[in-house]
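What follows is one structure encoded as structure tokens, with my remarks underneath.
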2 protein chains.
Amino acid sequence: MTVHNNSGSLAIDNIGSLITNDEALGRGPLGIIEHASVVITDGVVEAIGPAGAIADTRIDAEGACVLPGFVDSHTHLVFAGDRSSEFVARMAGEPYDGGGIRVTTDATRNTPTSELDTLLRLRLAEAHQAGTTTIEIKSGYGLNVADEVRSLEVASPYTDETTFLGAHLLPAEYEGRADDYISLVCGEMLAGATPHAKWVDAFCETGAFDADQCRAVLEAGSEAGLGLRLHGNQLGTGPGVQLAVECGCASVDHCTHLTDADIEALAGSDTVATFLPAADFSTRQPYPDARRVIDAGATVAIASNCNPGSSYTTSMSFCIALAVRDMNMTIDEAIQAVTVGGAAALRRDDIGKLVPGSAGHAVILDAPTHHHLAYRPGVPLIRQTIGPLGDFAG
Amino acid sequence: MTVHNNSGSLAIDNIGSLITNDEALGRGPLGIIEHASVVITDGVVEAIGPAGAIADTRIDAEGACVLPGFVDSHTHLVFAGDRSSEFVARMAGEPYDGGGIRVTTDATRNTPTSELDTLLRLRLAEAHQAGTTTIEIKSGYGLNVADEVRSLEVASPYTDETTFLGAHLLPAEYEGRADDYISLVCGEMLAGATPHAKWVDAFCETGAFDADQCRAVLEAGSEAGLGLRLHGNQLGTGPGVQLAVECGCASVDHCTHLTDADIEALAGSDTVATFLPAADFSTRQPYPDARRVIDAGATVAIASNCNPGSSYTTSMSFCIALAVRDMNMTIDEAIQAVTVGGAAALRRDDIGKLVPGSAGHAVILDAPTHHHLAYRPGVPLIRQTIGPLGDFAG
């Protein structure tokens, strides 16, 4: 069920356990309030407290847990084509090297815009039903000027968090001419993308682009006024994390393989370490040890990385369960990572929490506490999502 | 959506990919037929083939994959109380030893029958929505004559596959008197349980019951006319598998830790090795290497083990994804394990497949192929479940 709460007021009553993500408001690091109500007016949290406030619409949470809508800060949702056979082959033992991105590029280029839009809406509806209320969407399956711009135009109506990822993988027609392609990305492609993008991103990995190529992309993007993000340290250690910190990226994503120096660099920066455990799941990578990163003092996020090659899931609940089981995160930390952590990775402070003045984006669980998101893996526990994606995707 | 198909005829048309589980009917080990229709009359598959058969009701599968309903051959669905705090503690580092079963026993004993029934129906509805159409349900949280019998009476209206598990864990009041408790289980408790149970089961594990105690329970159950099953080899190697084979159990469940001799024994028997990967997930056990067991020639099944302590999920899709990622099973093998494998673990040949004469229990996916059940982890891909559990739980 989708609630359109952009105008008028909505009260959620009879909340058994409300996660505010504000320690000043409630118990523990998640700022939990028992037996609470939330009033959302014109899409913004107006009040948190006892029931009884007047509102146009009321929802009875029936004692369930309510938490901020998930902030999915890393997705590749604009694509066409099928890569399930690549997944089957990988599960039968073939290694993952990212090369299959070209399959999606071919399919995406050859798909009419209206169909790309339809496919995107279906995925947004799925993400919304899974509790996501803010979603970052990257280009990166066009890999030429027209199709990168088109991908961003398709995504723009649905989110403010659009990311130009021209430097995703070298397209086949530039084989052996990576620097020429990077020049195109930094020049004409960036110029076309900038009006439709908030962020620029690059894939810094053996087999994709090296540190100098990625630095060139980030510097050109910064010059054009875009915020910076980077893919790094997915398939092995490498220069990604250090480059991201050096360039002041809002986030460096994957962070599966980190050296002590990488962790130190993250801890001394305001670059968020964004983990993508569903990609580690679907590529049989080891899971990152988030404990070391958190204990060092870095800010962490968890995102779905939804894409047809390495992580075809929109489920932030699934990511939470993996993080708790396999990344040495507590459930509280995993909840923070998919809410305020994701918000930090997008340099946003209006989302990821439920406090007066924040966005009225909320998830009502089919469960009494947030612990159930890890305790009940695979069970669709999102009873209702309240937030803007439903307006487009519902 | 629940379809009540116990009377009248139902046609499922426009199936993109139909899993029959009969190699003679279609392609590969799953017997896949593309572009098929299925006609179910009075709850039984009447025909498989091209569209056009006359039926009272029609469902358009819109090109999706249709497969046999999941057979979940191992659950503990009759319980009350909450164990989420035990889960939180375990994820924070406390080891799992099964001792928390007593918490559930206390809560179950103290819950009125009507409320146990309500709780069970909610869980059955959840399992049904997740694609399960046959479900085994154990007692084992009563642990006295009245409450074991009551648990089976609660389960009996919903499934033929009820299992008496009086030998689940030693109840607190028998501390230090395990053999006395086993005498009770084999005597008065079994006599009370038998009218409501098809199977008898015991938990053969350090901390639960030893091989001699479990053998006594199995022999008494067999004498009473019940079929045999056993929990074994969950937390370490032990006598469970060998005992199960020796006694002719239909299935030995967990099989997380297996020696070469265990695998050899399984391969030379008609005892099914049932894996419970969601329990390994939620207790941070290593995953079993199903490859060795399959390659040795044993029959394998996968079940949810849904229970509030070690595996609080009803999602067979989640189990499939784990089996493929972490147990060295192919997707085809995992699909077989949750359908015909589960049927074999219950010694049934009328379920787990879609062939003329078999039960008309089917799942329509929100996906074109069965591969998506592993390729899209955490995403609720069950569009519609057609089968009897919906009659009770819908």
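To be explicit about the labels: the chains of the structure tokens are called A, B, and onward in the order shown, and within each one the residues are counted from 1, while ligands get numbers from 1 in the order they are shown.
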Tell me, counting only C-alpha atoms, for each residue of chain B within 9 Å of chain A, which pair of atoms is nearest and how far apart they are in Å to one decimal, in rows ordered by chain and increasing number, as a tab-separated table.
residue	atom	partner	partner_atom	distance
B:Ser84	CA	A:Tyr375	CA	6.6
B:Ser85	CA	A:His371	CA	8.3
B:Phe87	CA	A:Tyr375	CA	6.5
B:Val88	CA	A:His371	CA	7.2
B:Met91	CA	A:Val324	CA	6.9
B:Ala92	CA	A:Thr330	CA	6.7
B:Glu126	CA	A:Val379	CA	8.3
B:Ala130	CA	A:Val379	CA	8.2
B:Ala278	CA	A:Pro377	CA	8.0
B:Phe281	CA	A:Arg325	CA	7.0
B:Ser282	CA	A:Arg325	CA	7.1
B:Thr283	CA	A:Arg325	CA	8.6
B:Arg284	CA	A:Arg325	CA	6.8
B:Pro308	CA	A:Tyr375	CA	8.9
B:Ser311	CA	A:Arg376	CA	7.6
B:Tyr312	CA	A:Arg376	CA	5.1
B:Thr313	CA	A:Arg376	CA	5.2
B:Thr314	CA	A:Val379	CA	6.8
B:Ser315	CA	A:Gly378	CA	5.6
B:Met316	CA	A:Gly378	CA	8.4
B:Ser317	CA	A:Gly378	CA	7.4
B:Phe318	CA	A:Gly378	CA	5.1
B:Cys319	CA	A:Gly378	CA	8.4
B:Val324	CA	A:Met91	CA	6.9
B:Arg325	CA	A:Arg284	CA	6.8
B:Asp326	CA	A:Arg284	CA	8.3
B:Asn328	CA	A:Met91	CA	8.2
B:Met329	CA	A:Met91	CA	8.5
B:Thr330	CA	A:Ala92	CA	6.7
B:Ile331	CA	A:Val88	CA	7.5
B:Thr369	CA	A:Ser84	CA	8.8
B:His371	CA	A:Ser84	CA	6.8
B:His372	CA	A:Ser84	CA	7.1
B:Ala374	CA	A:Ser282	CA	8.7
B:Tyr375	CA	A:Tyr312	CA	6.5
B:Arg376	CA	A:Tyr312	CA	5.1
B:Pro377	CA	A:Thr313	CA	6.0
B:Gly378	CA	A:Phe318	CA	5.2
B:Val379	CA	A:Ser315	CA	6.0
B:Pro380	CA	A:Pro380	CA	6.7
Kindly save the residues from that selection, with N, CA and C atoms included, as a short mmCIF file (atom, residue, chain, number, x, y, z; two decimals), in the first residue's frame.
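Result saved to selection.cif:
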data_model
loop_
_atom_site.label_atom_id
_atom_site.label_comp_id
_atom_site.auth_asym_id
_atom_site.auth_seq_id
_atom_site.Cartn_x
_atom_site.Cartn_y
_atom_site.Cartn_z
N SER B 84 13.81 -13.13 20.19
CA SER B 84 14.67 -12.22 19.43
C SER B 84 15.87 -11.75 20.26
N SER B 85 15.68 -11.63 21.58
CA SER B 85 16.82 -11.16 22.39
C SER B 85 17.94 -12.21 22.42
N PHE B 87 18.60 -14.11 19.88
CA PHE B 87 19.25 -13.92 18.58
C PHE B 87 20.23 -12.74 18.62
N VAL B 88 19.79 -11.65 19.22
CA VAL B 88 20.66 -10.47 19.32
C VAL B 88 21.93 -10.82 20.09
N MET B 91 24.23 -12.96 17.94
CA MET B 91 24.94 -12.19 16.92
C MET B 91 26.04 -11.34 17.55
N ALA B 92 25.89 -11.05 18.84
CA ALA B 92 26.94 -10.31 19.55
C ALA B 92 28.03 -11.24 20.08
N GLU B 126 2.03 -16.96 6.08
CA GLU B 126 3.31 -16.43 5.62
C GLU B 126 4.03 -17.46 4.75
N ALA B 130 4.94 -17.46 0.69
CA ALA B 130 6.31 -17.68 0.26
C ALA B 130 6.45 -18.92 -0.62
N ALA B 278 19.13 -22.16 6.57
CA ALA B 278 18.75 -20.94 7.30
C ALA B 278 19.13 -21.06 8.77
N PHE B 281 22.71 -20.28 8.85
CA PHE B 281 22.82 -18.82 8.73
C PHE B 281 22.63 -18.16 10.08
N SER B 282 21.54 -18.50 10.76
CA SER B 282 21.15 -17.76 11.96
C SER B 282 21.88 -18.21 13.23
N THR B 283 22.68 -19.27 13.12
CA THR B 283 23.50 -19.68 14.26
C THR B 283 24.98 -19.55 13.93
N ARG B 284 25.29 -18.98 12.78
CA ARG B 284 26.68 -18.81 12.33
C ARG B 284 27.45 -20.13 12.32
N PRO B 308 11.59 -20.40 16.47
CA PRO B 308 11.93 -19.09 17.00
C PRO B 308 13.35 -18.97 17.52
N SER B 311 16.19 -20.43 13.57
CA SER B 311 15.91 -20.26 12.12
C SER B 311 14.50 -19.72 11.95
N TYR B 312 14.34 -18.43 12.21
CA TYR B 312 12.96 -17.92 12.21
C TYR B 312 12.60 -17.37 10.82
N THR B 313 12.58 -18.27 9.86
CA THR B 313 12.17 -17.88 8.52
C THR B 313 11.28 -18.95 7.92
N THR B 314 10.32 -18.54 7.11
CA THR B 314 9.50 -19.46 6.33
C THR B 314 9.91 -19.47 4.86
N SER B 315 10.99 -18.75 4.53
CA SER B 315 11.30 -18.50 3.13
C SER B 315 12.16 -19.60 2.51
N MET B 316 11.53 -20.43 1.71
CA MET B 316 12.29 -21.44 0.98
C MET B 316 13.15 -20.78 -0.11
N SER B 317 12.73 -19.63 -0.62
CA SER B 317 13.57 -18.91 -1.59
C SER B 317 14.89 -18.51 -0.95
N PHE B 318 14.83 -18.04 0.28
CA PHE B 318 16.06 -17.67 0.99
C PHE B 318 16.96 -18.90 1.14
N CYS B 319 16.37 -20.03 1.46
CA CYS B 319 17.16 -21.28 1.60
C CYS B 319 17.81 -21.67 0.27
N VAL B 324 22.77 -22.28 -2.97
CA VAL B 324 23.54 -22.06 -4.20
C VAL B 324 24.82 -21.29 -3.90
N ARG B 325 24.72 -20.29 -3.05
CA ARG B 325 25.90 -19.46 -2.76
C ARG B 325 26.92 -20.22 -1.91
N ASP B 326 26.41 -20.95 -0.92
CA ASP B 326 27.30 -21.42 0.15
C ASP B 326 27.36 -22.93 0.34
N ASN B 328 27.47 -25.20 -2.40
CA ASN B 328 27.95 -25.86 -3.62
C ASN B 328 26.87 -26.64 -4.35
N MET B 329 25.65 -26.16 -4.28
CA MET B 329 24.58 -26.77 -5.06
C MET B 329 24.32 -25.91 -6.29
N THR B 330 23.99 -26.55 -7.40
CA THR B 330 23.53 -25.78 -8.55
C THR B 330 22.10 -25.30 -8.26
N ILE B 331 21.65 -24.33 -9.04
CA ILE B 331 20.28 -23.84 -8.84
C ILE B 331 19.29 -24.97 -9.10
N THR B 369 12.38 -17.29 -15.12
CA THR B 369 12.97 -18.62 -14.91
C THR B 369 13.19 -18.88 -13.42
N HIS B 371 15.90 -19.68 -12.17
CA HIS B 371 17.21 -19.16 -11.76
C HIS B 371 17.08 -17.93 -10.89
N HIS B 372 16.02 -17.16 -11.11
CA HIS B 372 15.86 -15.90 -10.38
C HIS B 372 15.71 -16.12 -8.88
N ALA B 374 17.61 -17.74 -7.05
CA ALA B 374 18.95 -17.55 -6.48
C ALA B 374 19.57 -16.23 -6.92
N TYR B 375 19.21 -15.81 -8.12
CA TYR B 375 19.79 -14.61 -8.75
C TYR B 375 19.27 -13.33 -8.11
N ARG B 376 18.10 -13.38 -7.48
CA ARG B 376 17.48 -12.20 -6.89
C ARG B 376 17.24 -12.43 -5.39
N PRO B 377 18.31 -12.60 -4.62
CA PRO B 377 18.13 -12.95 -3.21
C PRO B 377 17.39 -11.86 -2.43
N GLY B 378 16.52 -12.29 -1.54
CA GLY B 378 15.81 -11.34 -0.68
C GLY B 378 14.60 -10.70 -1.32
N VAL B 379 14.42 -10.89 -2.63
CA VAL B 379 13.28 -10.28 -3.32
C VAL B 379 12.10 -11.25 -3.28
N PRO B 380 10.95 -10.82 -2.81
CA PRO B 380 9.80 -11.75 -2.76
C PRO B 380 9.28 -12.02 -4.17
#
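Residues in contact range of region 227-233 of chain B, defined as at most 7 Å between only C-alpha atoms, with sequence neighbours fewer than 5 positions away removed, read B:Lys198, B:Trp199, B:Val200, B:Asp201, B:Ala202, B:Phe203, B:Cys204, B:Glu205, B:Leu218, B:Ser222, B:Gly238, B:Gly240, B:Val241, B:Ala244, B:Cys249, B:Ala250, B:Ser251, B:Val252, B:Asp253, B:His254, B:Cys255, B:Thr256, B:His257, B:Leu258.
Proximity to Gly192 (chain A) was assessed for A:Gly166, A:Gly131, A:Pro368, A:Gly207 counting only C-alpha atoms; the smallest distance is recorded for A:Gly166.
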Just the alpha helix (DSSP H) stuff from region 127-294 of chain A, please, per backbone DSSP, written as a ChimeraX atom specification.
-> /A:127-129,145-155,178-184,190-193,211-223,240-247,260-267,277-282,290-294
Could you save the residues just selected, with C-alpha atoms, as a compact mmCIF listing (two decimals), in the first residue's frame?
# COMPACT_ATOMS: atom_id res chain seq x y z
CA ALA A 127 12.34 -1.13 -3.93
CA HIS A 128 9.54 0.94 -2.43
CA GLN A 129 7.67 -2.16 -1.31
CA VAL A 145 27.23 10.34 -25.00
CA ALA A 146 23.67 9.81 -26.16
CA ASP A 147 22.93 6.75 -24.03
CA GLU A 148 24.58 8.04 -20.85
CA VAL A 149 22.57 11.25 -21.13
CA ARG A 150 19.45 9.26 -21.92
CA SER A 151 19.94 7.02 -18.87
CA LEU A 152 20.17 10.05 -16.60
CA GLU A 153 17.12 11.62 -18.23
CA VAL A 154 15.20 8.42 -17.53
CA ALA A 155 16.25 8.41 -13.88
CA ALA A 178 41.04 3.71 -22.50
CA ASP A 179 42.58 7.17 -22.27
CA ASP A 180 40.62 8.30 -25.33
CA TYR A 181 37.46 7.06 -23.68
CA ILE A 182 38.29 8.87 -20.43
CA SER A 183 38.77 12.06 -22.48
CA LEU A 184 35.29 11.58 -23.90
CA LEU A 190 30.19 14.98 -18.83
CA ALA A 191 28.87 18.14 -20.47
CA GLY A 192 25.78 16.28 -21.62
CA ALA A 193 25.31 14.51 -18.31
CA ALA A 211 43.59 5.62 -10.29
CA ASP A 212 44.79 8.26 -12.74
CA GLN A 213 41.83 7.70 -15.04
CA CYS A 214 39.39 7.84 -12.14
CA ARG A 215 41.07 10.95 -10.72
CA ALA A 216 40.65 12.67 -14.08
CA VAL A 217 36.93 11.85 -14.05
CA LEU A 218 36.44 13.02 -10.47
CA GLU A 219 38.34 16.27 -11.09
CA ALA A 220 36.38 17.04 -14.24
CA GLY A 221 33.12 16.22 -12.46
CA SER A 222 34.02 18.44 -9.53
CA GLU A 223 34.86 21.26 -11.91
CA GLY A 240 40.24 3.30 -4.73
CA VAL A 241 39.77 4.17 -1.08
CA GLN A 242 42.84 6.38 -0.92
CA LEU A 243 41.83 8.18 -4.09
CA ALA A 244 38.29 8.73 -2.81
CA VAL A 245 39.56 10.23 0.43
CA GLU A 246 42.13 12.35 -1.39
CA CYS A 247 39.46 13.77 -3.71
CA ASP A 260 44.92 -0.90 7.53
CA ALA A 261 46.01 2.22 5.67
CA ASP A 262 42.66 2.34 3.85
CA ILE A 263 40.79 2.15 7.14
CA GLU A 264 42.99 4.84 8.65
CA ALA A 265 42.35 7.07 5.66
CA LEU A 266 38.58 6.56 5.93
CA ALA A 267 38.60 7.25 9.66
CA PRO A 277 27.09 -7.10 0.87
CA ALA A 278 24.55 -8.40 -1.63
CA ALA A 279 27.22 -8.01 -4.31
CA ASP A 280 29.66 -9.98 -2.18
CA PHE A 281 26.91 -12.58 -1.80
CA SER A 282 26.17 -12.88 -5.51
CA ALA A 290 32.82 -3.75 8.96
CA ARG A 291 33.79 -4.02 12.63
CA ARG A 292 37.33 -2.81 11.94
CA VAL A 293 36.04 0.14 9.94
CA ILE A 294 33.46 1.18 12.52
Please, what distance in Å, to one decimal, runs between CA of Ser7 (chain B) and CA of Thr163 (chain B)?
-> 28.3 Å
Write out as an MDAnalysis selection string which residues come within 6 Å of region 20-25 of chain B when counting only C-alpha atoms, dropping same-chain ones fewer than 4 positions away.
-> chainID B and resid 29:31 353:354
